[in-house]
file start.txt (compact mmCIF, C-alpha atoms)
# COMPACT_ATOMS: atom_id res chain seq x y z
CA MET A 202 0.00 0.00 0.00
CA THR A 203 1.39 3.41 -0.90
CA GLU A 204 1.03 6.20 1.59
CA ALA A 205 -0.43 9.49 0.45
CA THR A 206 -0.59 12.71 2.39
CA VAL A 207 -4.17 13.74 3.10
CA ALA A 208 -4.95 17.07 4.68
CA HIS A 209 -6.40 16.45 8.14
CA PRO A 210 -6.15 19.43 10.44
CA PRO A 211 -4.81 18.82 13.97
CA PHE A 212 -7.17 18.85 16.91
CA LYS A 213 -7.19 18.19 20.63
CA PHE A 214 -7.47 14.42 21.00
CA THR A 215 -10.52 13.09 22.80
CA GLN A 216 -11.77 9.55 22.78
CA ALA A 217 -14.90 10.44 20.86
CA LYS A 218 -13.04 12.36 18.15
CA LEU A 219 -10.46 9.60 17.73
CA ASP A 220 -13.17 6.96 17.41
CA ALA A 221 -14.85 9.12 14.75
CA LEU A 222 -11.79 9.38 12.51
CA PRO A 223 -12.86 7.89 9.13
CA PHE A 224 -11.06 5.17 7.17
CA GLU A 225 -10.00 6.44 3.76
CA SER A 226 -8.44 4.82 0.75
CA THR A 227 -4.94 5.55 1.98
CA ARG A 228 -3.25 5.77 5.34
CA TYR A 229 -3.06 9.19 6.99
CA GLU A 230 -1.96 10.84 10.23
CA VAL A 231 -3.48 13.48 12.53
CA ARG A 232 -1.55 15.52 15.12
CA ASP A 233 -2.73 16.37 18.62
CA THR A 234 -2.79 20.09 19.46
CA GLN A 235 -2.38 19.52 23.19
CA GLN A 236 0.81 17.41 23.23
CA PRO A 237 3.45 18.05 20.53
CA GLY A 238 4.66 14.78 19.05
CA LEU A 239 1.44 12.79 19.72
CA ILE A 240 -0.18 11.57 16.50
CA CYS A 241 -2.88 9.13 15.43
CA ARG A 242 -2.14 7.00 12.38
CA VAL A 243 -5.23 5.67 10.60
CA SER A 244 -4.87 2.69 8.22
CA PRO A 245 -7.71 1.57 5.92
CA PRO A 246 -9.08 -2.00 6.01
CA GLY A 247 -6.83 -4.45 4.22
CA ARG A 248 -5.23 -7.88 4.41
CA LYS A 249 -3.28 -7.10 7.55
CA TYR A 250 -6.04 -5.15 9.31
CA PRO A 251 -9.42 -6.28 7.92
CA ASP A 252 -11.33 -3.79 10.08
CA GLY A 253 -8.86 -0.95 9.64
CA ARG A 254 -6.62 0.37 12.40
CA ARG A 255 -6.21 3.54 14.48
CA VAL A 256 -2.96 3.63 16.45
CA LEU A 257 -1.51 6.31 18.73
CA GLN A 258 2.19 7.09 18.33
CA VAL A 259 4.87 9.61 19.27
CA TYR A 260 6.81 11.03 16.33
CA GLY A 261 9.84 13.20 17.07
CA ARG A 262 13.60 13.58 17.15
CA ALA A 263 15.93 12.47 19.89
CA LYS A 264 18.87 14.55 21.07
CA GLY A 265 21.93 13.59 19.09
CA ILE A 266 20.00 11.33 16.68
CA THR A 267 19.46 12.69 13.16
CA ALA A 268 16.56 10.59 11.89
CA PRO A 269 13.14 11.07 13.47
CA ILE A 270 11.84 8.23 15.64
CA ARG A 271 8.36 6.77 15.63
CA VAL A 272 7.24 5.07 18.86
CA THR A 273 3.94 3.20 18.97
CA ILE A 274 1.95 3.57 22.18
CA CYS A 275 -1.24 1.54 21.66
CA GLU A 276 -4.38 1.06 19.61
CA VAL A 277 -7.02 3.75 20.08
CA GLY A 278 -9.12 2.72 23.06
CA GLU A 279 -6.60 0.34 24.64
CA LEU A 280 -5.52 2.97 27.20
CA PRO A 281 -7.44 6.01 28.45
CA LEU A 282 -6.14 9.32 27.15
CA THR A 283 -5.81 10.61 30.70
CA ALA A 284 -6.01 8.85 34.04
CA LEU A 285 -5.55 9.34 37.74
CA LYS A 286 -2.02 9.68 39.10
CA GLY A 287 -0.18 6.39 39.11
CA GLN A 288 -2.42 4.81 36.48
CA ALA A 289 -1.35 4.12 32.88
CA SER A 290 -2.61 6.53 30.24
CA VAL A 291 -1.75 7.65 26.73
CA ARG A 292 -0.68 11.15 27.73
CA GLY A 293 1.38 9.82 30.62
CA ARG A 294 3.18 7.47 28.27
CA VAL A 295 3.77 10.35 25.82
CA ASP A 296 5.48 12.37 28.57
CA GLU A 297 7.78 9.41 29.34
CA ILE A 298 8.72 8.95 25.67
CA LEU A 299 9.38 12.67 25.13
CA ALA A 300 11.64 12.68 28.21
CA GLN A 301 13.61 9.77 26.73
CA LEU A 302 13.97 11.59 23.41
CA ARG A 303 15.20 14.76 25.15
CA ALA A 304 17.79 12.62 26.93
CA GLY A 305 19.05 11.28 23.59
CA GLU A 306 17.56 7.83 24.15
CA ASN A 307 15.77 5.80 21.49
CA PRO A 308 12.69 4.33 23.23
CA ASN A 309 12.37 1.59 20.62
CA GLU A 310 15.91 0.37 21.31
CA THR A 311 15.26 0.54 25.03
CA ALA A 312 12.07 -1.50 24.61
CA ARG A 313 13.88 -4.05 22.44
CA GLN A 314 16.62 -4.44 25.03
CA LEU A 315 14.02 -4.81 27.77
CA ARG A 316 12.25 -7.53 25.80
CA ALA A 317 15.57 -9.30 25.19
CA ASP A 318 16.43 -9.12 28.89
CA LYS A 319 13.02 -10.51 29.77
CA ALA A 320 13.46 -13.33 27.28
CA VAL A 321 16.86 -14.19 28.77
CA GLN A 322 15.40 -14.13 32.25
CA ALA A 323 12.44 -16.25 31.16
CA GLN A 324 14.82 -18.78 29.63
CA ALA A 325 16.90 -18.78 32.80
CA ASP A 326 13.77 -19.35 34.86
CA GLU A 327 12.73 -22.17 32.54
CA LEU A 328 16.13 -23.83 32.77
CA ALA A 329 16.13 -23.48 36.54
CA GLY A 330 12.87 -25.41 36.56
CA VAL A 331 14.23 -28.31 34.48
CA THR A 332 14.64 -31.09 36.99
CA LEU A 333 16.09 -34.51 36.36
CA LYS A 334 12.53 -35.85 36.28
CA LYS A 335 11.38 -33.27 33.72
CA ALA A 336 14.41 -33.85 31.51
CA TYR A 337 13.91 -37.61 31.72
CA GLN A 338 10.23 -37.29 30.73
CA ALA A 339 11.21 -35.17 27.72
CA TYR A 340 13.85 -37.76 26.86
CA LEU A 341 11.26 -40.54 26.83
CA LYS A 342 8.91 -38.52 24.61
CA THR A 343 11.53 -37.90 21.93
CA LYS A 344 13.43 -41.20 21.93
CA ALA A 345 12.20 -44.41 20.30
CA LEU A 346 13.06 -46.80 23.14
CA ARG A 347 11.98 -50.39 23.64
CA PRO A 348 9.61 -51.07 26.55
CA ARG A 349 12.28 -53.22 28.18
CA THR A 350 14.81 -50.38 27.92
CA ILE A 351 12.34 -47.94 29.45
CA GLU A 352 11.76 -50.36 32.33
CA GLY A 353 15.49 -50.47 33.02
CA TYR A 354 15.85 -46.68 32.84
CA GLN A 355 12.84 -46.17 35.09
CA LEU A 356 14.30 -48.55 37.66
CA ILE A 357 17.52 -46.52 37.74
CA ILE A 358 15.63 -43.22 38.10
CA ASP A 359 13.30 -44.53 40.83
CA ARG A 360 15.91 -46.48 42.78
CA ASP A 361 19.43 -45.16 42.29
CA LEU A 362 18.69 -41.50 41.44
CA VAL A 363 15.37 -41.11 43.26
CA ASP A 364 16.56 -38.29 45.57
CA TRP A 365 17.67 -36.29 42.51
CA LYS A 366 14.40 -36.53 40.57
CA ASP A 367 13.08 -33.15 41.74
CA LYS A 368 16.49 -31.47 41.82
CA PRO A 369 17.23 -28.89 39.08
CA LEU A 370 19.54 -30.47 36.55
CA ARG A 371 22.06 -27.65 36.83
CA GLU A 372 22.42 -28.39 40.57
CA ILE A 373 23.60 -31.98 40.01
CA THR A 374 27.37 -31.58 40.16
CA GLY A 375 30.27 -33.74 39.15
CA ALA A 376 31.22 -34.30 42.79
CA MET A 377 27.71 -35.59 43.46
CA ALA A 378 27.99 -38.00 40.55
CA VAL A 379 31.37 -39.30 41.71
CA THR A 380 30.03 -39.86 45.23
CA ARG A 381 26.88 -41.60 44.00
CA HIS A 382 28.89 -43.86 41.69
CA ALA A 383 31.14 -44.88 44.58
CA GLU A 384 28.14 -45.55 46.84
CA ILE A 385 26.37 -47.80 44.34
CA SER A 386 29.62 -49.56 43.41
CA GLN A 387 29.87 -50.93 46.93
CA THR A 388 26.88 -53.10 46.08
CA SER A 389 27.27 -53.58 42.33
CA ARG A 390 29.72 -52.11 39.85
CA SER A 391 27.46 -52.92 36.93
CA VAL A 392 24.47 -51.13 38.54
CA ALA A 393 26.69 -48.10 39.31
CA MET A 394 27.84 -48.07 35.70
CA ARG A 395 24.26 -48.25 34.45
CA ALA A 396 23.14 -45.42 36.75
CA MET A 397 25.85 -43.12 35.42
CA GLN A 398 25.03 -44.08 31.84
CA VAL A 399 21.37 -43.15 32.34
CA LEU A 400 22.31 -39.86 34.02
CA ARG A 401 24.71 -39.06 31.20
CA ALA A 402 22.16 -39.87 28.50
CA VAL A 403 19.47 -37.67 30.08
CA HIS A 404 21.87 -34.78 30.80
CA ARG A 405 23.34 -34.72 27.30
CA PHE A 406 19.87 -34.93 25.77
CA ALA A 407 18.66 -32.02 27.92
CA SER A 408 21.66 -29.90 26.87
CA GLU A 409 20.74 -30.43 23.22
CA PHE A 410 17.00 -30.07 23.80
CA TYR A 411 17.06 -26.90 25.90
CA GLY A 412 20.32 -25.38 24.68
CA ASP A 413 20.91 -23.11 21.69
CA ASP A 414 23.83 -21.79 19.66
CA GLU A 415 24.62 -19.15 22.26
CA ASP A 416 24.30 -21.47 25.26
CA GLU A 417 25.24 -25.00 24.26
CA LEU A 418 25.65 -26.12 27.88
CA PRO A 419 22.66 -24.61 29.69
CA PHE A 420 23.14 -27.00 32.62
CA GLY A 421 26.92 -26.88 32.70
CA ARG A 422 29.20 -29.79 31.91
CA CYS A 423 27.75 -33.25 32.28
CA PRO A 424 28.45 -34.38 35.87
CA VAL A 425 29.42 -37.83 34.62
CA ASP A 426 32.44 -36.21 32.91
CA LYS A 427 34.02 -35.90 36.37
CA VAL A 428 33.38 -39.58 37.01
CA ASN A 429 35.36 -40.22 33.81
CA ARG A 430 38.32 -38.30 35.23
CA VAL A 431 38.16 -39.61 38.80
CA GLN A 432 37.17 -43.22 38.17
CA ARG A 433 39.07 -44.56 35.19
CA LYS A 434 37.34 -47.33 33.24
CA TRP A 435 34.17 -46.92 35.32
CA SER A 436 32.02 -47.70 32.28
CA ARG A 437 33.73 -51.01 31.61
CA SER A 438 32.53 -54.12 33.31
CA ASP A 439 34.34 -57.41 33.30
CA ALA A 440 33.18 -59.65 30.50
CA ARG A 441 31.02 -62.49 31.75
CA THR A 442 32.43 -65.85 30.78
CA ARG A 443 30.37 -68.36 32.74
CA LYS A 444 28.98 -71.20 30.65
CA LEU A 445 28.33 -74.92 30.79
CA GLY A 446 31.38 -77.07 30.32
CA THR A 447 31.32 -80.28 28.31
CA ASP A 448 31.03 -82.35 31.51
CA ASP A 449 28.20 -80.15 32.80
CA VAL A 450 25.73 -80.69 29.97
CA ARG A 451 24.57 -84.18 30.97
CA PRO A 452 23.82 -83.49 34.67
CA TRP A 453 22.31 -80.09 33.90
CA LEU A 454 20.07 -81.31 31.09
CA GLU A 455 19.01 -84.34 33.15
CA ALA A 456 17.95 -81.96 35.95
CA VAL A 457 16.03 -79.84 33.45
CA ARG A 458 14.16 -82.82 32.06
CA ARG A 459 13.37 -84.03 35.59
CA LEU A 460 11.63 -80.75 36.49
CA PRO A 461 8.16 -82.20 35.78
CA ILE A 462 8.93 -85.00 38.26
CA ASP A 463 10.82 -83.02 40.92
CA GLN A 464 8.51 -80.01 40.78
CA PRO A 465 4.99 -81.13 39.92
CA GLN A 466 3.40 -77.80 40.91
CA GLY A 467 2.93 -75.06 38.35
CA ASP A 468 3.84 -75.80 34.74
CA PRO A 469 7.22 -77.58 34.90
CA GLU A 470 6.90 -79.04 31.39
CA ARG A 471 6.81 -75.53 30.00
CA MET A 472 9.85 -74.47 32.05
CA ALA A 473 11.80 -77.56 31.02
CA ALA A 474 10.99 -76.92 27.37
CA TYR A 475 12.04 -73.29 27.73
CA LEU A 476 15.44 -74.05 29.28
CA GLU A 477 16.29 -76.77 26.78
CA LEU A 478 15.19 -74.47 23.97
CA LEU A 479 17.64 -71.82 25.21
CA LEU A 480 20.49 -74.32 25.28
CA LEU A 481 19.81 -75.70 21.80
CA THR A 482 19.17 -72.40 19.98
CA GLY A 483 21.31 -69.77 21.71
CA LEU A 484 18.32 -67.41 21.81
CA ARG A 485 18.12 -64.64 24.37
CA ARG A 486 15.74 -65.33 27.23
CA ARG A 487 13.06 -62.84 26.13
CA GLU A 488 13.37 -63.87 22.48
CA ALA A 489 12.59 -67.48 23.38
CA GLY A 490 10.21 -66.63 26.21
CA PHE A 491 7.89 -64.51 24.08
CA MET A 492 8.08 -66.29 20.77
CA LEU A 493 4.65 -66.40 19.09
CA TRP A 494 3.03 -69.50 17.65
CA SER A 495 2.29 -67.44 14.54
CA ASP A 496 6.08 -67.23 14.03
CA VAL A 497 6.61 -71.01 14.27
CA ASP A 498 6.39 -72.59 10.82
CA PHE A 499 6.42 -76.41 11.07
CA LYS A 500 6.00 -76.77 7.30
CA ARG A 501 9.11 -74.76 6.45
CA GLY A 502 10.86 -75.81 9.62
CA THR A 503 11.64 -72.30 10.84
CA ILE A 504 11.12 -70.15 13.92
CA LYS A 505 11.14 -66.35 13.90
CA VAL A 506 11.82 -64.08 16.85
CA ARG A 507 10.89 -60.41 16.89
CA GLU A 508 11.91 -57.40 18.96
CA THR A 509 15.49 -58.59 19.03
CA LYS A 510 18.33 -56.61 20.56
CA ASN A 511 19.52 -55.25 17.21
CA GLY A 512 15.95 -54.48 16.11
CA LYS A 513 15.87 -56.99 13.23
CA ASP A 514 13.58 -60.01 13.01
CA HIS A 515 15.63 -63.19 13.31
CA THR A 516 14.70 -66.45 11.58
CA LEU A 517 16.33 -69.74 12.59
CA PRO A 518 16.00 -73.26 11.21
CA MET A 519 14.12 -75.78 13.33
CA THR A 520 16.52 -78.54 14.30
CA ALA A 521 15.30 -82.08 15.09
CA ARG A 522 15.18 -81.84 18.89
CA VAL A 523 13.83 -78.27 18.79
CA ARG A 524 11.01 -79.54 16.57
CA GLU A 525 10.21 -82.26 19.12
CA ILE A 526 10.09 -79.66 21.90
CA LEU A 527 7.83 -77.32 19.92
CA GLU A 528 5.51 -80.12 18.82
CA ALA A 529 5.15 -81.20 22.45
CA ARG A 530 4.36 -77.61 23.43
CA LYS A 531 1.78 -77.41 20.65
CA ARG A 532 0.06 -80.58 21.83
CA ALA A 533 -0.05 -79.16 25.34
CA ARG A 534 -1.46 -75.89 24.04
CA ASP A 535 -4.13 -77.64 21.98
CA ALA A 536 -5.15 -79.65 25.02
CA GLU A 537 -5.52 -76.46 27.05
CA ASN A 538 -7.27 -74.39 24.37
CA GLU A 539 -10.72 -75.01 25.77
CA LYS A 540 -9.62 -73.65 29.16
CA VAL A 541 -8.25 -70.37 27.78
CA VAL A 542 -10.32 -67.36 28.81
CA GLU A 543 -10.85 -64.88 25.99
CA THR A 544 -9.72 -61.34 26.81
CA ASP A 545 -9.62 -57.99 25.03
CA GLU A 546 -5.84 -57.88 25.24
CA GLU A 547 -3.83 -57.79 22.04
CA ARG A 548 -1.96 -60.98 23.02
CA LYS A 549 -3.41 -63.99 24.85
CA PRO A 550 -1.44 -66.62 26.76
CA ALA A 551 -2.21 -69.21 24.09
CA ASP A 552 -0.47 -66.99 21.49
CA TYR A 553 2.95 -67.66 23.04
CA VAL A 554 5.05 -70.79 22.76
CA ILE A 555 6.40 -70.24 26.29
CA GLY A 556 4.90 -66.98 27.54
CA THR A 557 7.50 -66.06 30.17
CA SER A 558 11.22 -65.46 30.59
CA GLU A 559 11.23 -65.86 34.37
CA VAL A 560 12.88 -69.12 35.44
CA ARG A 561 14.71 -68.17 38.63
CA LYS A 562 12.97 -70.72 40.83
CA GLN A 563 13.67 -73.53 38.39
CA LEU A 564 17.32 -72.53 38.02
CA VAL A 565 17.72 -72.45 41.81
CA ARG A 566 16.25 -75.97 42.03
CA ILE A 567 18.62 -77.19 39.31
CA GLU A 568 21.56 -75.56 41.09
CA LYS A 569 20.70 -77.40 44.32
CA THR A 570 20.54 -80.67 42.41
CA THR A 571 23.65 -80.29 40.27
CA GLY A 572 25.75 -77.60 41.94
CA LEU A 573 25.77 -75.72 38.60
CA THR A 574 24.95 -71.99 38.67
CA VAL A 575 23.57 -71.05 35.26
CA THR A 576 21.60 -68.06 33.96
CA PRO A 577 19.65 -67.88 30.68
CA HIS A 578 22.42 -65.81 29.09
CA ASP A 579 24.98 -68.36 30.26
CA LEU A 580 23.10 -70.86 28.07
CA ARG A 581 23.46 -68.54 25.09
CA ARG A 582 27.18 -68.30 25.81
CA SER A 583 27.32 -72.10 26.18
CA TRP A 584 25.68 -72.59 22.78
CA ALA A 585 28.27 -70.33 21.14
CA SER A 586 31.12 -72.26 22.80
CA PHE A 587 29.71 -75.64 21.74
CA ALA A 588 29.18 -74.28 18.22
CA GLU A 589 32.85 -73.37 18.07
CA ARG A 590 33.79 -76.86 19.29
CA ALA A 591 31.46 -78.38 16.69
CA GLY A 592 33.42 -76.49 14.03
CA ILE A 593 30.70 -74.47 12.31
CA GLY A 594 32.80 -71.29 12.00
CA GLY A 595 32.67 -67.78 13.39
CA TYR A 596 30.39 -66.26 10.74
CA ALA A 597 27.80 -69.00 11.20
CA ILE A 598 27.88 -68.46 14.96
CA LYS A 599 27.36 -64.70 14.47
CA ALA A 600 24.48 -65.32 12.08
CA ALA A 601 22.81 -67.81 14.42
CA LEU A 602 23.16 -65.47 17.41
CA ASN A 603 21.92 -62.50 15.32
CA HIS A 604 25.06 -60.52 16.13
CA ALA A 605 25.69 -57.48 13.95
CA THR A 606 28.74 -57.51 11.70
CA THR A 607 29.25 -53.73 11.72
CA GLY A 608 32.85 -52.90 10.93
CA ASP A 609 33.49 -56.37 9.49
CA VAL A 610 33.74 -55.85 5.73
CA THR A 611 33.81 -59.58 4.99
CA GLY A 612 30.87 -60.37 7.25
CA THR A 613 28.82 -57.39 6.07
CA ASN A 614 29.42 -57.52 2.31
CA TYR A 615 30.53 -61.04 1.42
CA VAL A 616 29.49 -63.79 3.84
CA GLN A 617 25.70 -64.00 3.55
CA LEU A 618 24.20 -66.94 5.47
CA ASP A 619 20.46 -67.50 5.18
CA THR A 620 18.21 -69.90 7.09
CA ASP A 621 18.86 -72.83 4.75
CA ASP A 622 22.62 -72.28 5.09
CA LEU A 623 22.29 -72.41 8.87
CA ARG A 624 20.10 -75.51 8.97
CA PRO A 625 22.82 -78.21 8.71
CA LEU A 626 25.20 -76.13 10.81
CA MET A 627 22.77 -75.67 13.70
CA GLN A 628 21.82 -79.35 13.49
CA GLN A 629 25.52 -80.10 13.80
CA VAL A 630 25.69 -78.02 17.00
CA GLU A 631 22.56 -79.64 18.41
CA ASP A 632 23.94 -83.13 17.73
CA TYR A 633 27.17 -82.19 19.49
CA ILE A 634 25.32 -80.90 22.58
CA LEU A 635 23.05 -83.93 22.77
CA ARG A 636 26.03 -86.28 22.47
CA LEU A 637 27.48 -84.54 25.53
CA ALA A 638 24.19 -85.26 27.30
CA ASP A 639 24.25 -88.97 26.50
CA PRO A 640 25.16 -91.37 29.35
CA PRO A 641 28.81 -92.47 29.23
CA ALA A 642 29.42 -95.55 27.15
CA ASN A 643 30.21 -98.83 28.96
CA ASN A 644 33.74 -99.68 27.80
CA VAL A 645 34.10 -102.89 29.90
CA VAL A 646 34.42 -105.99 27.69
CA GLU A 647 33.17 -109.21 29.25
CA LEU A 648 35.50 -112.19 28.54
CA ARG A 649 33.89 -115.50 27.60
CA SER A 650 34.37 -118.19 30.19
CA GLY A 651 36.48 -121.16 29.19
CA ALA A 652 38.52 -119.19 26.70
CA ALA A 653 41.61 -121.01 25.51
CA ALA A 654 44.80 -120.14 27.33
call {"tool": "encode", "arguments": {"input": "start.txt", "output": "structure tokens"}}
result
Amino acid sequence: MTEATVAHPPFKFTQAKLDALPFESTRYEVRDTQQPGLICRVSPPGRKYPDGRRVLQVYGRAKGITAPIRVTICEVGELPLTALKGQASVRGRVDEILAQLRAGENPNETARQLRADKAVQAQADELAGVTLKKAYQAYLKTKALRPRTIEGYQLIIDRDLVDWKDKPLREITGAMAVTRHAEISQTSRSVAMRAMQVLRAVHRFASEFYGDDEDELPFGRCPVDKVNRVQRKWSRSDARTRKLGTDDVRPWLEAVRRLPIDQPQGDPERMAAYLELLLLTGLRRREAGFMLWSDVDFKRGTIKVRETKNGKDHTLPMTARVREILEARKRARDAENEKVVETDEERKPADYVIGTSEVRKQLVRIEKTTGLTVTPHDLRRSWASFAERAGIGGYAIKAALNHATTGDVTGTNYVQLDTDDLRPLMQQVEDYILRLADPPANNVVELRSGAAA
């Protein structure tokens, strides 16, 4: 819109006269005769102001500033023209602006600086209110984490960092982190390590989430950085190496298969099937525990596990003994189908081959019987060791365990093992394990009586 000068004589501003100012085809201005510098700018209806606009401004020069300055006060009607002492009014605001101009001050620059200061203070207030709990909640909302991972993080927050949940993040210092790490380490180094990892993840996320280019560390340095300097190698835990030895397989597997006899209560057949399945497949406990019947294909002889650690579905061939175990579980499921209560839940108990990954009680019973302390992951480690002894090769072991080959050019780009490639190899491992479980052969040879001297 172009601005044209329209002759509108000045007058003493009153509310009634200002409200009566007409909208014309172009924008125009009217001066007040009572206060020099006070003007009313009238803009016609348009895209920006559909109903037109009347705005009160001060237009004048500041001491030492060449160009005239225009300072907007308010829309007509937003403030009274005059008011009692101490109350805001248009004329009172005009006096303040004129005083600033006489002092050589640009009121617009002053207002901009005030707004910037308020914004900085508001941001500081916001950051001061960011507690560990608030930062953690924002972290969960923006990160695609597995339910199991969230459970682990929540346990750390509610147990090991619970007294810091409502503490502002900027008040959690490096010295506090070092002390907390040392306290938890007295009970468990791995738990202490995990607590610091969670704290570090949340703190670094919050710095990125709430920080900007001017303030990249709104909460200061990550407190876990001091743990790095004080406690060397705090984030490294000793590699776990426990597994079944070759002489352990027979007594351990015998104890597993005796669970239905030694522990008739509950569902021991299911627990026995689960433990043997772990030993013969090398699956992780949750992968085997929550395998779905819809992912068991007896016709093709394959089993598929989902929600794996590396996020990729993992298909394995069904070896002979594994097939026997699964067929027995299917017969048991079919026999129980009539007793299953229908629910509105997405998954029903009958949908799972096993339906649990909790076998502590059974493992304790086996330990009392055999003296062997074994965890589900120890069975995975045992399978890998027996696979190496059976001679199937490192790449086949990686493929069967669903281990990523990142950084391994040969494994990533050249060695491609599919389910059919793994079938004879995994059968070879199963045969080796089951041979270890066989009773020792009787090597005593009975001599015939009356043999010739």
call {"tool": "residues_around", "arguments": {"input": "start.txt", "residues": "Glu589 of chain A", "least_positions_apart": "3", "cutoff": "12 Å", "atoms": "only C-alpha atoms", "output": "list in words"}}
result
Arg582, Ser583, Trp584, Ala585, Ser586, Gly592, Ile593, Gly594, Gly595, Tyr596, Ala597, Ile598, Lys599, Leu626, Met627, Gln629, Val630, Tyr633 and Ile634 of chain A
call {"tool": "residues_around", "arguments": {"input": "start.txt", "residues": "Leu479 of chain A", "least_positions_apart": "4", "cutoff": "8 Å", "atoms": "all atoms listed in the file", "output": "PyMOL selection string"}}
result
chain A and resi 475+483-486+489+577+580-581
call {"tool": "closest_residue", "arguments": {"input": "start.txt", "among": "A:Leu328, A:Val321, A:Leu315, A:Ala396", "to": "Ile357 of chain A", "atoms": "all atoms listed in the file"}}
result
A:Ala396
call {"tool": "residues_near_point", "arguments": {"input": "start.txt", "point": "(9.1, -75.1, 28.1)", "cutoff": "10 Å", "atoms": "all atoms listed in the file", "output": "VMD selection string"}}
result
chain A and resid 457 468 to 479 489 to 490 526 to 527 529 to 530 554 to 557
call {"tool": "residues_around", "arguments": {"input": "start.txt", "residues": "Tyr340 of chain A", "least_positions_apart": "4", "cutoff": "10 Å", "atoms": "only C-alpha atoms", "output": "VMD selection string"}}
result
chain A and resid 334 to 336 344 to 346 402 to 407 410
call {"tool": "atom_distance", "arguments": {"input": "start.txt", "atom1": "atom CA of Ala329 of chain A", "atom2": "atom CA of Pro369 of chain A"}}
result
6.1 Å
call {"tool": "atom_distance", "arguments": {"input": "start.txt", "atom1": "atom CA of Lys366 of chain A", "atom2": "atom CA of Thr332 of chain A"}}
result
6.5 Å
call {"tool": "atom_distance", "arguments": {"input": "start.txt", "atom1": "atom CA of Val259 of chain A", "atom2": "atom CA of Glu276 of chain A"}}
result
12.6 Å
call {"tool": "residues_around", "arguments": {"input": "start.txt", "residues": "Pro452 of chain A", "least_positions_apart": "5", "cutoff": "10 Å", "atoms": "all atoms listed in the file", "output": "list of chain:residue names"}}
result
A:Val457, A:Ile567, A:Thr570, A:Thr571, A:Gly572, A:Leu573, A:Leu637, A:Ala638, A:Asp639, A:Pro640
call {"tool": "residues_near_point", "arguments": {"input": "start.txt", "point": "(24.0, -78.2, 25.2)", "cutoff": "6 Å", "atoms": "all atoms listed in the file", "output": "short mmCIF file (atom, residue, chain, number, x, y, z; two decimals) with C-alpha atoms, in the coordinates of the input"}}
result
data_model
loop_
_atom_site.label_atom_id
_atom_site.label_comp_id
_atom_site.auth_asym_id
_atom_site.auth_seq_id
_atom_site.Cartn_x
_atom_site.Cartn_y
_atom_site.Cartn_z
CA VAL A 450 25.73 -80.69 29.97
CA LEU A 480 20.49 -74.32 25.28
CA LEU A 481 19.81 -75.70 21.80
CA ILE A 634 25.32 -80.90 22.58
#
call {"tool": "decode", "arguments": {"input": "start.txt", "residues": "segment 479-490 of chain A", "atoms": "N, CA and C atoms", "output": "PDB file, in the first residue's frame"}}
result
ATOM      1  N   LEU A 479      16.560 -72.802  25.112  1.00  0.00           N
ATOM      2  CA  LEU A 479      17.645 -71.822  25.206  1.00  0.00           C
ATOM      3  C   LEU A 479      18.995 -72.473  24.918  1.00  0.00           C
ATOM      4  N   LEU A 480      19.217 -73.643  25.473  1.00  0.00           N
ATOM      5  CA  LEU A 480      20.494 -74.323  25.284  1.00  0.00           C
ATOM      6  C   LEU A 480      20.714 -74.733  23.833  1.00  0.00           C
ATOM      7  N   LEU A 481      19.656 -75.147  23.151  1.00  0.00           N
ATOM      8  CA  LEU A 481      19.808 -75.705  21.800  1.00  0.00           C
ATOM      9  C   LEU A 481      19.692 -74.667  20.687  1.00  0.00           C
ATOM     10  N   THR A 482      19.310 -73.433  21.018  1.00  0.00           N
ATOM     11  CA  THR A 482      19.170 -72.396  19.978  1.00  0.00           C
ATOM     12  C   THR A 482      20.086 -71.206  20.191  1.00  0.00           C
ATOM     13  N   GLY A 483      20.504 -70.966  21.437  1.00  0.00           N
ATOM     14  CA  GLY A 483      21.308 -69.771  21.710  1.00  0.00           C
ATOM     15  C   GLY A 483      20.490 -68.498  21.727  1.00  0.00           C
ATOM     16  N   LEU A 484      19.155 -68.606  21.778  1.00  0.00           N
ATOM     17  CA  LEU A 484      18.316 -67.413  21.814  1.00  0.00           C
ATOM     18  C   LEU A 484      18.456 -66.692  23.149  1.00  0.00           C
ATOM     19  N   ARG A 485      18.200 -65.391  23.125  1.00  0.00           N
ATOM     20  CA  ARG A 485      18.121 -64.635  24.365  1.00  0.00           C
ATOM     21  C   ARG A 485      16.848 -65.030  25.102  1.00  0.00           C
ATOM     22  N   ARG A 486      16.837 -64.820  26.416  1.00  0.00           N
ATOM     23  CA  ARG A 486      15.738 -65.333  27.230  1.00  0.00           C
ATOM     24  C   ARG A 486      14.397 -64.751  26.825  1.00  0.00           C
ATOM     25  N   ARG A 487      14.347 -63.442  26.512  1.00  0.00           N
ATOM     26  CA  ARG A 487      13.065 -62.841  26.133  1.00  0.00           C
ATOM     27  C   ARG A 487      12.679 -63.227  24.707  1.00  0.00           C
ATOM     28  N   GLU A 488      13.669 -63.443  23.845  1.00  0.00           N
ATOM     29  CA  GLU A 488      13.373 -63.872  22.479  1.00  0.00           C
ATOM     30  C   GLU A 488      12.675 -65.230  22.488  1.00  0.00           C
ATOM     31  N   ALA A 489      13.202 -66.152  23.300  1.00  0.00           N
ATOM     32  CA  ALA A 489      12.592 -67.480  23.377  1.00  0.00           C
ATOM     33  C   ALA A 489      11.329 -67.451  24.226  1.00  0.00           C
ATOM     34  N   GLY A 490      11.340 -66.648  25.295  1.00  0.00           N
ATOM     35  CA  GLY A 490      10.208 -66.633  26.210  1.00  0.00           C
ATOM     36  C   GLY A 490       8.946 -66.068  25.595  1.00  0.00           C
TER      37      GLY A 490
END
